[in-house]
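Novice: Before we start, here is the structure in question, set down as structure tokens.
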Amino acid sequence: MTCTNKIAILGGSFNPVHQGHLFLADAVLSRLLYDRVIFVPAYRSPFKLAAAGMESSSRDRLQMITASITGDPRLTVDSCELKREGVSYTIDTIDDIIRRYAPEGKPGLIIGDDLADDFMQWHKSEEILAKVDIIIARRIHSGNLNVPYPFIGIDNDVINISSAAIRESINSNGVWRYLVPSSARAIIEGKGLYGCNSSETKVFNTLPTVIGKSSAGLIRHVEETVRENLSLERFIHSRSTALFAWDMCRRLKMYNDIQLHPEKAYLAGIAHDFGKELGDKEQIRLAKIDGKGISRLEKDKPSLLHGRVSAILLQERFKIYDSAVLEAVALHTYGGVNMGPLAKIIYIADKLEISRNKYEPSLRNLAYTETNLDKIFYAVFDQNVSSLRKRKLKLAEETLRLLEEMKGL
């Protein structure tokens with residue numbers, strides 16, 4: 001069994017992402033029992049080679065998707081096509097996702113029935129059919145499809161929304177704001193995308209989210225705040241860490257008779273780098289609050305304090321005092337002796353999350369399949385220490401003490 005189990009891929013321009021995209025993803029998850037849908041925005045779709053402005057809007061499109069799936073671990077976004085640039089061919093994306101996600105069985109590939117008739121003309125269509133299950137969603141057809149290849153049909157309701165119509169409506173000051181997720185709408189208005197006149201939309205700005213009593217409300221508030229305060233790349237890393245940690249908790253379930261809570265793992269993963277991009281002086285100021293002192297290594301490189309700083313921010317800004325969550329956030333940089341299971345999971349997830357290619361693929365495979373959390377942790381920790389030593393970087397005192405602890409086991 002893998003961490004992500006059954007996955008489905010939903011590619012497109014998402015220019016912008018709209019409620020129809022999310023409705024379709026939910027239908028695939030609910031009716032076909034997939035565990036996660038991966039949104040893959042195209043750098044340049046082979047079906048829209050004449051479309052203007054696609055390359056220049058890639059970061060905006062990525063940011064809108066990322067904001068729109070906040071708080072739903074069943075959804076994620078992968079920027080592999082944007083990183084590759086050029087024309088986005090589906091077969092390249094499939095190969096990349098299978099390699100990195102190691103799914104259980106064939107991934108699903110979601111396409112609309114408006115593309116179904118021409119599918120066999122796609123680049124390397126036969127290879128695609130061998131590697132994925134084609135899922136055809138209703139967009140224009142009401143009857144049975146007659147295509148010369150196997151597929152899974154989904155009897156979804158047709159949401160008559162298109163990105164092109166939304167762009168046109170925004171540009172003409174028409175009605176569009178509830179056709180897109182509220183987070184994407186805020187980005188469109190804030191950046192003036194698609195000709196949106198932001199001066200005319202201040203009335204639509206929402207008040208800051210209030211922390212509710214439920215864990216869902218708290219996590220959503222933390223995630224929104226972290227997203228707004230980190231760079232896009234750093235936030236995608238944080239969310240990927242949260243998903244990896246969520247998946248590990250769901251797979252392992254227990255550690256030495258201690259129940260693992262996916263919600264806590266997700267929260268710690270989202271927040272672990274919250275203080276990463278603060279200035280040196282602010283990092284040092286905040287780190288002094290926990291009373292643990294600042295080492296010479298940390299004085300020379302204050303960014304190494306960001307784990308402790310992020311834990312302090314969780315307490316100060318969100319009144320989060322859960323000891324396991326705070327420990328996991330504080331120790332994810334160095335590790336530490338007597339780490340709890342959640343701290344080990346966040347350490348692993350931070351190093352191995354799916355957008356990073358720094359570590360050996362065998363370590364990620366180990367994290368996907370091994371049932372002994374300590375075995376996974378020590379393998380990742382050992383690899384990290386070896387990498388630091390290879391680069392001739394000084395090891396923190398906490399790391400050295402953990403190395404001594406490991407020798408005694």
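Chain labels run A, B, ... following the order of the structure tokens; each chain numbers its residues from 1, and ligands are numbered from 1 in the order shown.
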Find the spatial neighbours of Asp72 of chain A, counting only C-alpha atoms, within a cut-off of 10 Å - ignore same-chain residues fewer than 6 positions away - and output them as a PyMOL selection string.

Specialist: chain A and resi 36+216+220+243

Novice: Can you pull out the residues contacting segment 159-172 of chain A? Cut-off 12 Å, using only C-alpha atoms, and skip same-chain residues under 4 positions away; I want them as a PyMOL selection string.

Specialist: chain A and resi 12-24+27+48+51-52+61+112+137-140+176-180+185+188-189+192-198+200-201

Novice: Skipping near chain neighbours, those fewer than 4 positions away, what residues fall within 9 Å of Ala25 of chain A using only C-alpha atoms, listed as a PyMOL selection string?

Specialist: chain A and resi 8+10+20-21+29-30+36-39+75+110

Novice: Residues as selected, N, CA and C atoms, written as a compact mmCIF listing (two decimals), in the first residue's frame, can you do that?

Specialist:
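For reference, again_23.txt as written:
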```
# COMPACT_ATOMS: atom_id res chain seq x y z
N ALA A 8 -6.18 10.39 -9.10
CA ALA A 8 -6.68 10.77 -10.42
C ALA A 8 -6.07 12.11 -10.79
N LEU A 10 -6.24 15.62 -13.00
CA LEU A 10 -7.12 16.55 -13.71
C LEU A 10 -6.26 17.67 -14.27
N GLY A 20 -16.75 24.64 -11.40
CA GLY A 20 -16.96 23.42 -12.18
C GLY A 20 -15.81 22.45 -12.05
N HIS A 21 -14.57 22.97 -12.02
CA HIS A 21 -13.39 22.10 -11.84
C HIS A 21 -13.46 21.39 -10.50
N LEU A 29 -13.94 11.86 -6.77
CA LEU A 29 -13.59 11.34 -5.45
C LEU A 29 -14.75 10.59 -4.80
N SER A 30 -15.94 11.14 -4.92
CA SER A 30 -17.10 10.58 -4.22
C SER A 30 -17.70 9.38 -4.94
N ARG A 36 -7.39 10.86 -3.97
CA ARG A 36 -6.90 12.23 -4.19
C ARG A 36 -6.97 12.56 -5.68
N VAL A 37 -7.33 13.80 -5.95
CA VAL A 37 -7.28 14.33 -7.31
C VAL A 37 -6.14 15.35 -7.37
N ILE A 38 -5.30 15.22 -8.38
CA ILE A 38 -4.16 16.11 -8.56
C ILE A 38 -4.46 17.07 -9.70
N PHE A 39 -4.56 18.36 -9.37
CA PHE A 39 -4.73 19.38 -10.40
C PHE A 39 -3.36 19.66 -11.03
N LEU A 75 -7.41 16.91 -2.24
CA LEU A 75 -7.01 17.64 -3.44
C LEU A 75 -5.59 18.17 -3.29
N ILE A 110 -8.66 12.24 -15.97
CA ILE A 110 -9.99 12.81 -16.17
C ILE A 110 -9.98 13.70 -17.41
```

Novice: Skipping near chain neighbours, those fewer than 3 positions away, what residues fall within 9 Å of segment 232-240 of chain A using only C-alpha atoms, listed as a PyMOL selection string?

Specialist: chain A and resi 59+62-63+66+70+76-77+223+226-229+243-245+266+269-274+276-277+349-350+353-356

Novice: I'd like to know which of A:Pro181, A:Pro341, A:Pro103, A:Pro302 is closest to Thr369 of chain A, using only C-alpha atoms.

Specialist: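 Answer, going by the shortest atom-to-atom distance: A:Pro103.
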
Novice: Find, counting only C-alpha atoms, the residue in A:Ser125, A:Ser387, A:Asn5, A:Asn372 that gets nearest to Asp247 of chain A.

Specialist: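 When distances to Asp247 of chain A are compared using only C-alpha atoms, the smallest one comes from A:Asn5.
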
Novice: Can you pull out every residue from segment 4-107 of chain A that DSSP, working from the backbone, puts in strand (DSSP E), and format the result as a list in words?

Specialist: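 Put together, the selection reads Ile7, Ala8, Ile9, Leu10, Gly11, Gly12, Arg36, Val37, Ile38, Phe39, Val40, Pro41, Leu75, Thr76 and Val77 of chain A.
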
Novice: What's around Ala328 of chain A at 8 Å? Count only C-alpha atoms, leave out sequence neighbours fewer than 6 positions away in its own chain, and write the answer as a VMD selection string.

Specialist: chain A and resid 268 272 340 342 to 347

Novice: Give me a file of those residues, with N, CA and C atoms, as an mmCIF file, in the first residue's frame.

Specialist:
```cif
data_model
loop_
_atom_site.group_PDB
_atom_site.id
_atom_site.type_symbol
_atom_site.label_atom_id
_atom_site.label_comp_id
_atom_site.auth_asym_id
_atom_site.auth_seq_id
_atom_site.Cartn_x
_atom_site.Cartn_y
_atom_site.Cartn_z
ATOM 1 N N ALA A 268 0.588 20.722 11.752
ATOM 2 C CA ALA A 268 2.027 20.921 11.968
ATOM 3 C C ALA A 268 2.765 21.075 10.646
ATOM 4 N N HIS A 272 4.959 24.407 9.728
ATOM 5 C CA HIS A 272 6.340 24.159 10.149
ATOM 6 C C HIS A 272 7.331 25.212 9.657
ATOM 7 N N GLY A 340 8.870 12.731 19.828
ATOM 8 C CA GLY A 340 7.611 12.012 19.758
ATOM 9 C C GLY A 340 7.310 11.591 18.327
ATOM 10 N N LEU A 342 4.839 12.330 16.249
ATOM 11 C CA LEU A 342 4.442 13.389 15.325
ATOM 12 C C LEU A 342 5.660 14.185 14.876
ATOM 13 N N ALA A 343 6.597 14.450 15.784
ATOM 14 C CA ALA A 343 7.824 15.172 15.424
ATOM 15 C C ALA A 343 8.618 14.390 14.387
ATOM 16 N N LYS A 344 8.665 13.080 14.533
ATOM 17 C CA LYS A 344 9.388 12.254 13.556
ATOM 18 C C LYS A 344 8.695 12.296 12.195
ATOM 19 N N ILE A 345 7.385 12.263 12.209
ATOM 20 C CA ILE A 345 6.636 12.284 10.951
ATOM 21 C C ILE A 345 6.839 13.608 10.216
ATOM 22 N N ILE A 346 6.808 14.728 10.931
ATOM 23 C CA ILE A 346 7.008 16.024 10.281
ATOM 24 C C ILE A 346 8.439 16.151 9.772
ATOM 25 N N TYR A 347 9.393 15.644 10.506
ATOM 26 C CA TYR A 347 10.793 15.654 10.044
ATOM 27 C C TYR A 347 10.908 14.892 8.717
#
```

Novice: Could you list, as a PyMOL selection string, every residue within 12 Å of Leu305 of chain A, counting only C-alpha atoms and ignoring same-chain residues fewer than 2 positions away?

Specialist: chain A and resi 272-290+292-303+307-312+329-334+396

Novice: Using only C-alpha atoms, find the one residue out of A:Gly105, A:Lys394, A:Ser362, A:Pro262 that sits nearest to Val380 of chain A.

Specialist: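 The shortest atom-to-atom distance to Val380 of chain A comes from A:Ser362.
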
Novice: Excluding Arg317 of chain A and residues on its chain fewer than 3 positions from it, collect all residues at most 10 Å away from it, counting only C-alpha atoms, and give them as a PDB file with C-alpha atoms, in the first residue's frame.

Specialist:
```
ATOM      1  CA  VAL A 222      -3.822  28.738  10.025  1.00  0.00           C
ATOM      2  CA  THR A 225      -2.563  32.875   7.213  1.00  0.00           C
ATOM      3  CA  ILE A 312       6.176  30.350  18.964  1.00  0.00           C
ATOM      4  CA  LEU A 313       4.015  31.977  16.264  1.00  0.00           C
ATOM      5  CA  LEU A 314       1.491  29.144  16.563  1.00  0.00           C
ATOM      6  CA  ILE A 320      -2.261  26.586  19.874  1.00  0.00           C
TER       7      ILE A 320
END
```

Novice: What does the distance from atom CA of Asp117 of chain A to atom CA of Val147 of chain A come to in Å, to one decimal?

Specialist: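 It comes out at 6.4 Å.
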
Novice: Could you work out how far atom CA of Met339 of chain A lies from atom CA of Gln259 of chain A, giving the answer in Å with one decimal?

Specialist: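 That distance, rounded to one decimal, is 15.4 Å.
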
Novice: Go ahead and compute the interatomic distance for atom CA of Lys264 of chain A and atom CA of Ala242 of chain A, in Å to one decimal.

Specialist: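 Atom CA of Ala242 of chain A lies 9.4 Å from atom CA of Lys264 of chain A.
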